[in-house]
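K.L.:
Here you go, this is final01.csv (CSV, C-alpha atoms and all ligand atoms).
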chain,number,residue,atom,x,y,z
A,145,MET,CA,-27.6,18.8,76.4
A,146,SER,CA,-29.5,21.0,74.0
A,147,THR,CA,-32.5,22.6,75.7
A,148,GLN,CA,-33.9,24.4,72.7
A,149,LEU,CA,-37.2,22.8,71.7
A,150,LYS,CA,-38.5,23.1,68.1
A,151,ASN,CA,-42.0,22.5,69.4
A,152,ASP,CA,-42.5,23.9,73.0
A,153,ARG,CA,-46.3,24.1,72.9
A,154,LEU,CA,-46.7,21.6,75.7
A,155,ILE,CA,-44.3,23.4,78.0
A,156,ARG,CA,-45.9,26.8,77.2
A,157,ALA,CA,-49.4,25.5,77.8
A,158,LEU,CA,-48.4,23.8,81.1
A,159,LEU,CA,-47.0,27.2,82.2
A,160,ARG,CA,-50.2,28.9,81.0
A,161,LYS,CA,-48.4,30.9,78.3
A,162,PRO,CA,-50.0,31.7,74.9
A,163,VAL,CA,-49.6,29.1,72.2
A,164,ASP,CA,-50.6,29.0,68.5
A,165,ILE,CA,-52.7,25.8,68.8
A,166,THR,CA,-53.6,23.6,71.7
A,167,PRO,CA,-51.0,20.9,72.3
A,168,VAL,CA,-52.1,17.3,72.4
A,169,TRP,CA,-50.7,14.0,73.6
A,170,ILE,CA,-52.3,10.7,74.6
A,171,MET,CA,-51.9,8.7,77.8
A,172,ARG,CA,-50.5,5.3,76.8
A,173,GLN,CA,-49.8,6.7,73.3
A,174,ALA,CA,-47.2,3.9,72.8
A,175,GLY,CA,-49.3,0.8,73.2
A,176,ARG,CA,-51.1,-2.2,71.9
A,177,TYR,CA,-53.5,-0.3,69.5
A,178,LEU,CA,-50.4,0.3,67.3
A,179,PRO,CA,-49.3,-2.6,65.1
A,180,GLU,CA,-45.7,-1.4,65.3
A,181,TYR,CA,-45.9,-1.6,69.1
A,182,ARG,CA,-47.2,-5.2,69.0
A,183,ALA,CA,-44.3,-6.1,66.6
A,184,THR,CA,-41.6,-4.6,68.9
A,185,ARG,CA,-43.2,-6.2,72.0
A,186,LYS,CA,-43.1,-9.6,70.2
A,187,LYS,CA,-39.4,-9.0,69.4
A,188,ALA,CA,-38.8,-8.2,73.1
A,189,GLY,CA,-40.5,-11.4,74.3
A,190,ASP,CA,-42.6,-9.8,77.0
A,191,PHE,CA,-43.7,-6.4,78.4
A,192,ILE,CA,-41.1,-6.3,81.2
A,193,LYS,CA,-38.3,-7.1,78.8
A,194,LEU,CA,-39.5,-4.3,76.6
A,195,CYS,CA,-39.4,-1.8,79.5
A,196,GLN,CA,-36.0,-3.0,80.6
A,197,THR,CA,-34.3,-2.8,77.2
A,198,PRO,CA,-33.5,0.9,76.6
A,199,GLU,CA,-33.1,0.5,72.8
A,200,LEU,CA,-36.5,-1.1,72.5
A,201,ALA,CA,-38.2,1.2,75.1
A,202,CYS,CA,-36.8,4.1,73.0
A,203,GLU,CA,-38.1,2.5,69.8
A,204,VAL,CA,-41.7,2.3,71.1
A,205,THR,CA,-41.6,5.7,72.7
A,206,LEU,CA,-40.9,7.2,69.3
A,207,GLN,CA,-43.4,5.1,67.3
A,208,PRO,CA,-46.4,7.4,68.0
A,209,ILE,CA,-44.2,10.5,67.4
A,210,THR,CA,-43.2,9.2,64.0
A,211,ARG,CA,-46.8,8.3,63.0
A,212,TYR,CA,-48.7,11.4,64.4
A,213,PRO,CA,-48.1,15.2,64.8
A,214,LEU,CA,-48.1,14.8,68.6
A,215,ASP,CA,-46.8,17.6,70.8
A,216,ALA,CA,-45.0,15.4,73.4
A,217,ALA,CA,-43.3,12.0,73.9
A,218,ILE,CA,-43.8,10.1,77.1
A,219,ILE,CA,-41.0,7.7,78.1
A,220,PHE,CA,-42.1,4.1,77.6
A,221,SER,CA,-42.1,2.4,81.1
A,222,ASP,CA,-44.5,1.6,83.8
A,223,ILE,CA,-45.4,2.9,87.2
A,224,LEU,CA,-44.7,-0.6,88.7
A,225,THR,CA,-40.9,-0.3,88.0
A,226,ILE,CA,-40.4,1.0,91.6
A,227,PRO,CA,-42.1,-1.9,93.4
A,228,ASP,CA,-40.2,-4.3,91.1
A,229,ALA,CA,-36.9,-2.6,92.0
A,230,MET,CA,-37.9,-3.0,95.7
A,231,GLY,CA,-37.8,-6.8,95.0
A,232,LEU,CA,-41.5,-7.6,94.6
A,233,GLY,CA,-41.0,-9.4,91.3
A,234,LEU,CA,-43.3,-7.9,88.6
A,235,LYS,CA,-45.0,-10.1,85.9
A,236,LEU,CA,-47.6,-9.1,83.4
A,237,VAL,CA,-50.1,-11.9,83.0
A,238,GLU,CA,-51.9,-11.9,79.7
A,239,SER,CA,-55.5,-10.6,80.0
A,240,VAL,CA,-55.2,-10.5,83.8
A,241,GLY,CA,-52.7,-7.6,84.3
A,242,PRO,CA,-49.7,-7.0,86.5
A,243,LYS,CA,-48.9,-9.5,89.3
A,244,PHE,CA,-46.2,-9.5,92.0
A,245,GLU,CA,-44.5,-12.6,93.2
A,246,ASN,CA,-44.3,-11.0,96.7
A,247,SER,CA,-46.9,-8.7,98.3
A,248,ILE,CA,-46.8,-6.4,101.3
A,249,ASN,CA,-48.8,-7.8,104.3
A,250,SER,CA,-47.1,-6.5,107.4
A,251,LEU,CA,-44.9,-3.9,109.0
A,252,SER,CA,-41.9,-6.2,108.8
A,253,ASP,CA,-42.5,-6.6,105.0
A,254,ILE,CA,-42.3,-2.8,104.8
A,255,LYS,CA,-39.3,-2.5,107.0
A,256,ASN,CA,-37.4,-4.9,104.7
A,257,LEU,CA,-38.1,-2.9,101.5
A,258,PRO,CA,-35.0,-1.3,100.1
A,259,LEU,CA,-34.8,2.2,98.7
A,260,PRO,CA,-33.7,1.6,95.1
A,261,ASP,CA,-30.9,3.7,93.6
A,262,PRO,CA,-32.4,5.1,90.4
A,263,GLU,CA,-29.1,4.9,88.5
A,264,GLU,CA,-28.6,1.2,89.5
A,265,GLU,CA,-31.8,-0.9,89.8
A,266,LEU,CA,-33.8,1.6,87.7
A,267,GLY,CA,-30.8,2.6,85.5
A,268,TYR,CA,-32.6,1.1,82.4
A,269,VAL,CA,-35.3,3.8,82.7
A,270,MET,CA,-32.6,6.5,82.9
A,271,ASP,CA,-30.8,5.0,79.9
A,272,ALA,CA,-34.0,4.9,77.9
A,273,ILE,CA,-34.6,8.6,78.7
A,274,ARG,CA,-31.1,9.6,77.6
A,275,LEU,CA,-31.5,7.6,74.4
A,276,VAL,CA,-35.0,9.1,73.6
A,277,ARG,CA,-33.7,12.7,74.2
A,278,LYS,CA,-30.9,12.0,71.8
A,279,GLU,CA,-33.2,10.6,69.1
A,280,LEU,CA,-35.9,13.3,69.6
A,281,ASN,CA,-33.2,15.9,69.1
A,282,GLY,CA,-35.4,18.7,70.5
A,283,SER,CA,-38.4,18.0,68.2
A,284,VAL,CA,-40.9,17.7,71.1
A,285,PRO,CA,-40.5,17.6,74.9
A,286,LEU,CA,-40.1,14.2,76.8
A,287,ILE,CA,-42.4,13.5,79.7
A,288,GLY,CA,-41.1,11.4,82.6
A,289,PHE,CA,-43.5,9.8,85.1
A,290,SER,CA,-44.1,7.8,88.3
A,291,GLY,CA,-47.1,6.4,90.1
A,292,SER,CA,-48.3,8.1,93.3
A,293,PRO,CA,-47.3,6.5,96.6
A,294,TRP,CA,-51.0,5.5,97.3
A,295,THR,CA,-51.5,4.0,93.8
A,296,LEU,CA,-48.2,2.0,94.1
A,297,ALA,CA,-49.1,0.9,97.6
A,298,THR,CA,-52.5,-0.6,96.3
A,299,TYR,CA,-50.6,-2.8,93.8
A,300,MET,CA,-48.0,-3.8,96.4
A,301,ILE,CA,-50.6,-4.7,99.1
A,302,GLU,CA,-53.0,-6.4,96.7
A,303,GLY,CA,-50.2,-8.2,94.9
A,304,GLY,CA,-51.4,-6.9,91.5
A,305,SER,CA,-54.5,-5.4,90.0
A,306,SER,CA,-57.6,-5.3,92.0
A,307,LYS,CA,-61.3,-4.5,91.7
A,308,GLU,CA,-62.2,-4.1,95.4
A,309,PHE,CA,-58.9,-3.1,97.0
A,310,SER,CA,-60.0,-4.9,100.1
A,311,LYS,CA,-56.5,-5.5,101.5
A,312,ALA,CA,-55.3,-2.0,100.9
A,313,LYS,CA,-58.6,-0.6,102.5
A,314,LYS,CA,-58.2,-3.0,105.4
A,315,MET,CA,-54.7,-1.8,106.1
A,316,LEU,CA,-55.9,1.8,105.9
A,317,GLN,CA,-58.6,1.2,108.5
A,318,ALA,CA,-56.9,-1.2,110.8
A,319,GLU,CA,-53.3,-0.1,110.6
A,320,PRO,CA,-53.1,3.5,109.3
A,321,ASP,CA,-49.6,4.0,110.8
A,322,THR,CA,-48.3,1.0,109.0
A,323,LEU,CA,-49.7,2.3,105.7
A,324,HIS,CA,-48.1,5.7,106.4
A,325,ILE,CA,-44.7,4.1,106.8
A,326,LEU,CA,-45.2,2.4,103.4
A,327,LEU,CA,-46.4,5.6,101.8
A,328,ASP,CA,-43.5,7.6,103.2
A,329,HIS,CA,-41.0,5.0,102.0
A,330,LEU,CA,-42.6,5.1,98.5
A,331,ALA,CA,-42.6,8.9,98.5
A,332,LYS,CA,-38.8,8.9,99.2
A,333,SER,CA,-38.3,6.5,96.4
A,334,VAL,CA,-40.5,8.4,93.9
A,335,ILE,CA,-38.5,11.6,94.8
A,336,LEU,CA,-35.2,10.0,94.0
A,337,TYR,CA,-36.6,8.3,90.9
A,338,LEU,CA,-38.2,11.5,89.4
A,339,ASN,CA,-35.2,13.7,90.2
A,340,ALA,CA,-33.0,11.1,88.4
A,341,GLN,CA,-35.4,11.2,85.4
A,342,ILE,CA,-35.1,15.1,85.3
A,343,LYS,CA,-31.3,14.7,85.4
A,344,ALA,CA,-31.4,12.1,82.6
A,345,GLY,CA,-33.5,14.5,80.4
A,346,ALA,CA,-37.2,14.4,81.3
A,347,GLN,CA,-38.6,17.9,80.5
A,348,VAL,CA,-42.0,17.4,82.2
A,349,ILE,CA,-43.0,15.2,85.1
A,350,MET,CA,-46.4,13.5,85.5
A,351,ILE,CA,-47.6,11.6,88.6
A,352,PHE,CA,-50.3,9.0,88.0
A,353,ASP,CA,-52.7,8.5,90.9
A,354,THR,CA,-54.9,6.0,89.2
A,355,TRP,CA,-56.6,4.8,92.4
A,356,GLY,CA,-56.9,8.0,94.5
A,357,GLY,CA,-60.5,8.2,93.4
A,358,ILE,CA,-61.5,5.1,95.4
A,359,LEU,CA,-60.9,6.9,98.7
A,360,THR,CA,-63.2,9.1,100.8
A,361,THR,CA,-62.4,12.8,100.8
A,362,PRO,CA,-60.5,12.9,104.1
A,363,ASN,CA,-58.7,9.7,103.3
A,364,TYR,CA,-57.7,11.0,99.9
A,365,MET,CA,-56.2,14.1,101.5
A,366,GLU,CA,-54.3,12.1,104.2
A,367,PHE,CA,-53.2,9.0,102.3
A,368,SER,CA,-52.8,10.2,98.7
A,369,LEU,CA,-52.6,14.0,98.1
A,370,PHE,CA,-50.4,14.6,101.1
A,371,TYR,CA,-47.7,12.5,99.6
A,372,MET,CA,-48.1,13.9,96.1
A,373,LYS,CA,-47.5,17.4,97.6
A,374,LYS,CA,-44.5,16.2,99.5
A,375,ILE,CA,-43.0,14.8,96.3
A,376,TYR,CA,-43.7,18.0,94.4
A,377,GLU,CA,-41.9,20.0,97.1
A,378,GLN,CA,-38.8,17.9,96.8
A,379,LEU,CA,-38.6,17.8,93.0
A,380,GLU,CA,-35.8,19.7,91.3
A,381,THR,CA,-38.2,21.6,89.1
A,382,ASN,CA,-35.6,24.2,88.3
A,383,PHE,CA,-33.1,22.3,86.4
A,384,ASN,CA,-30.1,24.3,85.1
A,385,GLY,CA,-32.4,27.3,85.0
A,386,ILE,CA,-35.1,25.5,83.1
A,387,LYS,CA,-38.5,25.1,84.6
A,388,ILE,CA,-39.8,21.4,84.7
A,389,PRO,CA,-43.6,21.5,84.8
A,390,VAL,CA,-45.3,18.9,87.0
A,391,ILE,CA,-48.7,17.4,86.1
A,392,PHE,CA,-50.9,15.6,88.7
A,393,PHE,CA,-53.4,13.1,87.6
A,394,THR,CA,-55.9,11.5,90.1
A,395,LYS,CA,-58.6,9.5,88.3
A,396,GLY,CA,-61.9,10.3,89.8
A,397,SER,CA,-60.7,13.6,91.3
A,398,GLY,CA,-63.7,15.8,90.2
A,399,LEU,CA,-64.5,16.8,93.8
A,400,TRP,CA,-60.9,17.6,94.6
A,401,ILE,CA,-59.6,19.7,91.7
A,402,GLU,CA,-59.1,22.8,93.9
A,403,ASP,CA,-57.2,20.8,96.6
A,404,ILE,CA,-54.9,19.4,93.9
A,405,ALA,CA,-54.3,22.8,92.4
A,406,LYS,CA,-53.3,24.1,95.8
A,407,THR,CA,-50.4,21.7,96.1
A,408,GLY,CA,-48.2,23.8,93.8
A,409,CYS,CA,-48.3,21.5,90.8
A,410,ASP,CA,-48.4,23.2,87.4
A,411,ALA,CA,-51.2,21.3,85.8
A,412,VAL,CA,-54.1,19.0,86.9
A,413,SER,CA,-55.0,16.2,84.5
A,414,ILE,CA,-58.7,15.4,84.7
A,415,ASP,CA,-60.8,12.4,83.6
A,416,TRP,CA,-63.9,12.6,81.4
A,417,ASN,CA,-66.4,12.7,84.3
A,418,SER,CA,-65.4,16.3,85.0
A,419,ASN,CA,-66.6,19.2,82.9
A,420,ILE,CA,-63.4,21.0,81.7
A,421,GLY,CA,-65.1,24.4,81.6
A,422,HIS,CA,-66.1,24.1,85.2
A,423,ALA,CA,-62.7,22.8,86.2
A,424,ARG,CA,-61.1,25.8,84.5
A,425,LYS,CA,-63.4,28.3,86.2
A,426,LYS,CA,-62.5,26.7,89.6
A,427,VAL,CA,-58.7,26.6,89.1
A,428,GLY,CA,-57.8,28.0,85.7
A,429,ASP,CA,-56.0,31.1,87.1
A,430,ARG,CA,-53.7,28.9,89.1
A,431,VAL,CA,-52.9,25.8,87.1
A,432,ALA,CA,-53.1,24.4,83.6
A,433,ILE,CA,-55.7,21.7,82.9
A,434,GLN,CA,-55.0,18.5,80.9
A,435,GLY,CA,-57.8,16.4,79.4
A,436,ASN,CA,-60.3,15.1,79.1
A,437,MET,CA,-62.0,13.2,76.2
A,438,ASN,CA,-63.5,9.9,77.0
A,439,PRO,CA,-61.2,7.3,75.3
A,440,THR,CA,-64.3,5.3,74.1
A,441,ILE,CA,-65.1,8.2,71.7
A,442,LEU,CA,-62.2,7.0,69.6
A,443,LYS,CA,-64.2,4.0,68.7
A,444,GLU,CA,-66.8,6.2,67.0
A,445,GLY,CA,-66.6,7.7,63.5
A,446,GLU,CA,-64.9,11.0,62.4
A,447,GLU,CA,-68.0,13.1,62.9
A,448,THR,CA,-68.4,12.1,66.6
A,449,ILE,CA,-64.7,12.5,67.3
A,450,VAL,CA,-64.5,16.0,65.8
A,451,ARG,CA,-67.7,17.0,67.5
A,452,GLU,CA,-66.4,15.9,70.9
A,453,VAL,CA,-63.0,17.7,70.4
A,454,GLN,CA,-64.9,20.9,69.4
A,455,SER,CA,-67.1,20.6,72.5
A,456,ILE,CA,-64.1,20.2,74.9
A,457,LEU,CA,-62.2,23.1,73.2
A,458,HIS,CA,-65.4,25.3,73.4
A,459,SER,CA,-65.9,24.3,77.1
A,460,PHE,CA,-62.3,25.3,78.0
A,461,GLY,CA,-62.6,28.5,76.0
A,462,PRO,CA,-60.1,31.1,74.7
A,463,ASN,CA,-57.8,30.9,77.8
A,464,PRO,CA,-54.2,29.8,78.1
A,465,GLY,CA,-53.4,26.6,79.9
A,466,HIS,CA,-55.1,23.7,78.1
A,467,VAL,CA,-53.3,20.5,77.2
A,468,PHE,CA,-55.6,18.2,75.2
A,469,ASN,CA,-55.5,14.6,76.2
A,470,LEU,CA,-57.9,11.7,76.9
A,471,GLY,CA,-59.4,11.3,80.4
A,472,HIS,CA,-57.5,8.1,80.8
A,473,GLY,CA,-55.2,5.7,78.7
A,474,ILE,CA,-56.1,4.7,75.2
A,475,THR,CA,-57.3,1.1,75.0
A,476,PRO,CA,-55.9,-1.6,72.6
A,477,ASP,CA,-59.2,-1.8,70.6
A,478,ILE,CA,-58.8,1.7,69.0
A,479,ASN,CA,-58.2,2.0,65.2
A,480,PRO,CA,-55.0,4.0,64.7
A,481,ASP,CA,-56.6,6.0,61.9
A,482,ASN,CA,-59.0,7.5,64.5
A,483,VAL,CA,-56.1,8.7,66.6
A,484,GLU,CA,-54.9,10.7,63.6
A,485,ILE,CA,-58.4,12.2,63.2
A,486,PHE,CA,-58.4,13.1,66.9
A,487,ILE,CA,-55.0,14.8,66.9
A,488,ARG,CA,-55.7,16.7,63.7
A,489,ALA,CA,-59.1,17.9,65.0
A,490,VAL,CA,-57.4,19.3,68.2
A,491,HIS,CA,-54.9,21.2,66.1
A,492,ASP,CA,-57.3,22.4,63.4
A,493,PHE,CA,-60.2,23.5,65.6
A,494,SER,CA,-58.1,25.0,68.4
A,495,LYS,CA,-56.6,27.8,66.2
A,496,GLU,CA,-59.5,30.1,66.6
A,497,TYR,CA,-59.1,30.0,70.4
A,498,HIS,CA,-55.5,31.3,70.2
A,499,LYS,CA,-55.8,34.3,67.9
A,500,ASN,CA,-54.1,36.9,70.2
B,601,LIG,O1,-48.4,6.6,78.3
B,601,LIG,C1,-47.5,6.0,77.8
B,601,LIG,O2,-47.5,5.7,76.6
B,601,LIG,C2,-46.3,5.5,78.6
B,601,LIG,C3,-46.4,4.2,79.1
B,601,LIG,C4,-47.2,3.8,80.3
B,601,LIG,C5,-47.5,2.4,80.5
B,601,LIG,N1,-48.0,2.3,81.7
B,601,LIG,C6,-47.2,1.4,79.5
B,601,LIG,C7,-48.0,0.1,79.7
B,601,LIG,C8,-47.6,4.5,81.4
B,601,LIG,C9,-47.6,6.0,81.7
B,601,LIG,C10,-48.1,3.6,82.3
B,601,LIG,C11,-48.6,3.9,83.6
B,601,LIG,C12,-49.4,2.9,84.4
B,601,LIG,N2,-49.1,1.6,84.5
B,601,LIG,C13,-50.5,3.2,85.3
B,601,LIG,C14,-51.0,4.6,85.5
B,601,LIG,C15,-51.8,5.1,84.4
B,601,LIG,C16,-53.1,4.6,84.2
B,601,LIG,O3,-53.3,3.9,83.2
B,601,LIG,O4,-53.9,4.8,85.1
B,601,LIG,C17,-50.9,2.0,85.8
B,601,LIG,C18,-52.1,1.8,86.8
B,601,LIG,C19,-50.0,1.0,85.4
B,601,LIG,C20,-50.0,-0.4,85.8
B,601,LIG,C21,-50.3,-1.3,84.7
B,601,LIG,N3,-49.3,-1.6,83.7
B,601,LIG,C22,-51.5,-2.0,84.3
B,601,LIG,C23,-52.7,-2.0,85.2
B,601,LIG,C24,-51.2,-2.7,83.1
B,601,LIG,C25,-52.1,-3.7,82.4
B,601,LIG,C26,-53.0,-2.8,81.6
B,601,LIG,C27,-53.6,-3.5,80.4
B,601,LIG,O5,-54.3,-2.8,79.7
B,601,LIG,O6,-53.3,-4.7,80.2
B,601,LIG,C28,-49.9,-2.4,82.7
B,601,LIG,C29,-49.2,-2.8,81.5
B,601,LIG,C30,-48.9,-1.8,80.5
B,601,LIG,N4,-48.2,-0.6,80.8
B,601,LIG,C31,-49.1,-1.8,79.1
B,601,LIG,C32,-48.5,-0.6,78.6
B,601,LIG,C33,-48.4,-0.2,77.1
B,601,LIG,C34,-49.7,-3.0,78.3
B,601,LIG,C35,-48.6,-3.9,78.2
B,601,LIG,C36,-48.7,-4.9,77.0
B,601,LIG,O7,-49.4,-5.9,77.1
B,601,LIG,O8,-47.9,-4.7,76.0
Mind converting the file's structure to structure tokens?

P.N.:
Amino acid sequence: MSTQLKNDRLIRALLRKPVDITPVWIMRQAGRYLPEYRATRKKAGDFIKLCQTPELACEVTLQPITRYPLDAAIIFSDILTIPDAMGLGLKLVESVGPKFENSINSLSDIKNLPLPDPEEELGYVMDAIRLVRKELNGSVPLIGFSGSPWTLATYMIEGGSSKEFSKAKKMLQAEPDTLHILLDHLAKSVILYLNAQIKAGAQVIMIFDTWGGILTTPNYMEFSLFYMKKIYEQLETNFNGIKIPVIFFTKGSGLWIEDIAKTGCDAVSIDWNSNIGHARKKVGDRVAIQGNMNPTILKEGEETIVREVQSILHSFGPNPGHVFNLGHGITPDINPDNVEIFIRAVHDFSKEYHKN
């Protein structure tokens, strides 16, 4: 497999090496705001079919790359593939979100969970990665990903999306040892899954901890970050002599950026509540920082988008180690033309920060 990248800005920035311009990609860049995504999803029938058909997953992964001068592709999939492969039965209910046929309520439910073989039950993800790598032909790096054990556990315990997380919080308080058994099992599965993604061709790994931010500080350390660190320590981040950078994203992690940076990960992805300049001062000599424009800015006009991009670039300053992104996923109501404005603004206005 060829490892020479035509555009290696993302990898360089994640390893805090100099770049010509700041690399940019967008969480959920292949998604419903793109008419071509909606057309392929229709062709697939539903979202799960789209994820599970490697040719179609490859097609939608490449759609934003074809349309925009992005510096990375992210494999089209979902964090809920692991619970689905453990037999929970994933469905995406229109305007409700993900739902599982079976949820986790007790220790015996957890003890019955299998450890999916990534090349079997999750082989469709590996096939999609191999296909995308072939199609990209070294143009930009491909990001592989997984959910964090805590975030996956919340969906499995709640049986889908949740606003209050009352069942997950109840298990944490009443049966912490049971929750730890589930988190440990999920961590094992995530390690197998991500190492298989690296083998299949993922050149960067990102862990999404969407719901770490609902926890208290000691609970975040014990029930979420502990397992993310454990995963990091067992990833094959030196693959055939090539370094695979790892990005950690906990939404709502403003208070914990230093703790996250200490895990050994290469980059911390921050949401829009954090000030990126402050984050850099706290940890910028240890990790790269990814982020952090508020996705709602993309609903505004060109002037506001450009001003916000400039403000974030200025706040980060002329230092290595910035990957531009949104603070969370792009929403379906965004005009695709504004995404073009955003990406071009990052590239155009970041030049002056990378002169030497
Ligand atoms: O970034 C990318 O382009 C890669 C694709 C990707 C998806 N989901 C596709 C998707 C990634 C990285 C994810 C991760 C994911 N999935 C997370 C963590 C990131 C985050 O946003 O915090 C979470 C919590 C999920 C679980 C999930 N999947 C939810 C809550 C939903 C419903 C969201 C909604 O807006 O309806 C999904 C479905 C989903 N995953 C969609 C996409 C493009 C929408 C599916 C559709 O209707 O076509």

K.L.:
I'd like the interatomic distance between atom CA of A:Trp416 and atom CA of A:Ala297, to a tenth of an Å.

P.N.:
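We find that atom CA of A:Trp416 and atom CA of A:Ala297 lie 24.9 Å from each other.
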
K.L.:
Between A:Lys150, A:Lys443, A:Lys243, A:Lys161, which is the closest to ligand LIG 601 (chain B) once you count all atoms listed in the file?

P.N.:
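For ligand LIG 601 (chain B), the nearest of the candidates is A:Lys243.
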
K.L.:
Can you pull out every residue with an atom within 8 Å of ligand LIG 601 (chain B)? Use only C-alpha atoms and all ligand atoms and format it as a short mmCIF file (atom, residue, chain, number, x, y, z; two decimals) with C-alpha atoms, in the frame of the given file.

P.N.:
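In the end it all went to part-v1.cif:
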data_model
loop_
_atom_site.label_atom_id
_atom_site.label_comp_id
_atom_site.auth_asym_id
_atom_site.auth_seq_id
_atom_site.Cartn_x
_atom_site.Cartn_y
_atom_site.Cartn_z
CA ILE A 170 -52.30 10.70 74.60
CA MET A 171 -51.90 8.70 77.80
CA ARG A 172 -50.50 5.30 76.80
CA GLN A 173 -49.80 6.70 73.30
CA ALA A 174 -47.20 3.90 72.80
CA GLY A 175 -49.30 0.80 73.20
CA ARG A 176 -51.10 -2.20 71.90
CA TYR A 181 -45.90 -1.60 69.10
CA ARG A 182 -47.20 -5.20 69.00
CA ARG A 185 -43.20 -6.20 72.00
CA ASP A 190 -42.60 -9.80 77.00
CA PHE A 191 -43.70 -6.40 78.40
CA THR A 205 -41.60 5.70 72.70
CA ILE A 218 -43.80 10.10 77.10
CA ILE A 219 -41.00 7.70 78.10
CA PHE A 220 -42.10 4.10 77.60
CA SER A 221 -42.10 2.40 81.10
CA ASP A 222 -44.50 1.60 83.80
CA ILE A 223 -45.40 2.90 87.20
CA LEU A 224 -44.70 -0.60 88.70
CA LEU A 236 -47.60 -9.10 83.40
CA GLU A 238 -51.90 -11.90 79.70
CA SER A 239 -55.50 -10.60 80.00
CA VAL A 240 -55.20 -10.50 83.80
CA GLY A 241 -52.70 -7.60 84.30
CA PRO A 242 -49.70 -7.00 86.50
CA PHE A 289 -43.50 9.80 85.10
CA SER A 290 -44.10 7.80 88.30
CA GLY A 291 -47.10 6.40 90.10
CA THR A 295 -51.50 4.00 93.80
CA SER A 305 -54.50 -5.40 90.00
CA PHE A 352 -50.30 9.00 88.00
CA ASP A 353 -52.70 8.50 90.90
CA THR A 354 -54.90 6.00 89.20
CA TRP A 355 -56.60 4.80 92.40
CA LYS A 395 -58.60 9.50 88.30
CA HIS A 472 -57.50 8.10 80.80
CA GLY A 473 -55.20 5.70 78.70
CA THR A 475 -57.30 1.10 75.00
CA PRO A 476 -55.90 -1.60 72.60
#

K.L.:
Quick one: residues within 12 Å of A:Leu206, all atoms listed in the file, excluding same-chain residues fewer than 3 positions away - as a PyMOL selection string?

P.N.:
chain A and resi 173-175+178+180-181+184+199-203+209-214+216-220+272-273+275-281+283-286

K.L.:
Print the selection's residues with C-alpha atoms to a file, as a PDB file, in the frame of the given file.

P.N.:
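After the write, again-v6.pdb holds the following:
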ATOM      1  CA  GLN A 173     -49.800   6.700  73.300  1.00  0.00           C
ATOM      2  CA  ALA A 174     -47.200   3.900  72.800  1.00  0.00           C
ATOM      3  CA  GLY A 175     -49.300   0.800  73.200  1.00  0.00           C
ATOM      4  CA  LEU A 178     -50.400   0.300  67.300  1.00  0.00           C
ATOM      5  CA  GLU A 180     -45.700  -1.400  65.300  1.00  0.00           C
ATOM      6  CA  TYR A 181     -45.900  -1.600  69.100  1.00  0.00           C
ATOM      7  CA  THR A 184     -41.600  -4.600  68.900  1.00  0.00           C
ATOM      8  CA  GLU A 199     -33.100   0.500  72.800  1.00  0.00           C
ATOM      9  CA  LEU A 200     -36.500  -1.100  72.500  1.00  0.00           C
ATOM     10  CA  ALA A 201     -38.200   1.200  75.100  1.00  0.00           C
ATOM     11  CA  CYS A 202     -36.800   4.100  73.000  1.00  0.00           C
ATOM     12  CA  GLU A 203     -38.100   2.500  69.800  1.00  0.00           C
ATOM     13  CA  ILE A 209     -44.200  10.500  67.400  1.00  0.00           C
ATOM     14  CA  THR A 210     -43.200   9.200  64.000  1.00  0.00           C
ATOM     15  CA  ARG A 211     -46.800   8.300  63.000  1.00  0.00           C
ATOM     16  CA  TYR A 212     -48.700  11.400  64.400  1.00  0.00           C
ATOM     17  CA  PRO A 213     -48.100  15.200  64.800  1.00  0.00           C
ATOM     18  CA  LEU A 214     -48.100  14.800  68.600  1.00  0.00           C
ATOM     19  CA  ALA A 216     -45.000  15.400  73.400  1.00  0.00           C
ATOM     20  CA  ALA A 217     -43.300  12.000  73.900  1.00  0.00           C
ATOM     21  CA  ILE A 218     -43.800  10.100  77.100  1.00  0.00           C
ATOM     22  CA  ILE A 219     -41.000   7.700  78.100  1.00  0.00           C
ATOM     23  CA  PHE A 220     -42.100   4.100  77.600  1.00  0.00           C
ATOM     24  CA  ALA A 272     -34.000   4.900  77.900  1.00  0.00           C
ATOM     25  CA  ILE A 273     -34.600   8.600  78.700  1.00  0.00           C
ATOM     26  CA  LEU A 275     -31.500   7.600  74.400  1.00  0.00           C
ATOM     27  CA  VAL A 276     -35.000   9.100  73.600  1.00  0.00           C
ATOM     28  CA  ARG A 277     -33.700  12.700  74.200  1.00  0.00           C
ATOM     29  CA  LYS A 278     -30.900  12.000  71.800  1.00  0.00           C
ATOM     30  CA  GLU A 279     -33.200  10.600  69.100  1.00  0.00           C
ATOM     31  CA  LEU A 280     -35.900  13.300  69.600  1.00  0.00           C
ATOM     32  CA  ASN A 281     -33.200  15.900  69.100  1.00  0.00           C
ATOM     33  CA  SER A 283     -38.400  18.000  68.200  1.00  0.00           C
ATOM     34  CA  VAL A 284     -40.900  17.700  71.100  1.00  0.00           C
ATOM     35  CA  PRO A 285     -40.500  17.600  74.900  1.00  0.00           C
ATOM     36  CA  LEU A 286     -40.100  14.200  76.800  1.00  0.00           C
TER      37      LEU A 286
END

K.L.:
What is the distance, in Å and to one decimal place, between atom CA of A:Ile325 and atom CA of A:Glu402?

P.N.:
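One can read the atom CA of A:Ile325 to atom CA of A:Glu402 distance as 26.9 Å.
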
K.L.:
Can you pull out the residues contacting A:Asp215? Cut-off 12 Å, using all atoms listed in the file, and skip same-chain residues under 4 positions away; I want them as number ranges by chain.

P.N.:
A: 149-157, 163, 165-170, 173, 208-210, 280, 282-287, 467-469, 487-488, 490-491
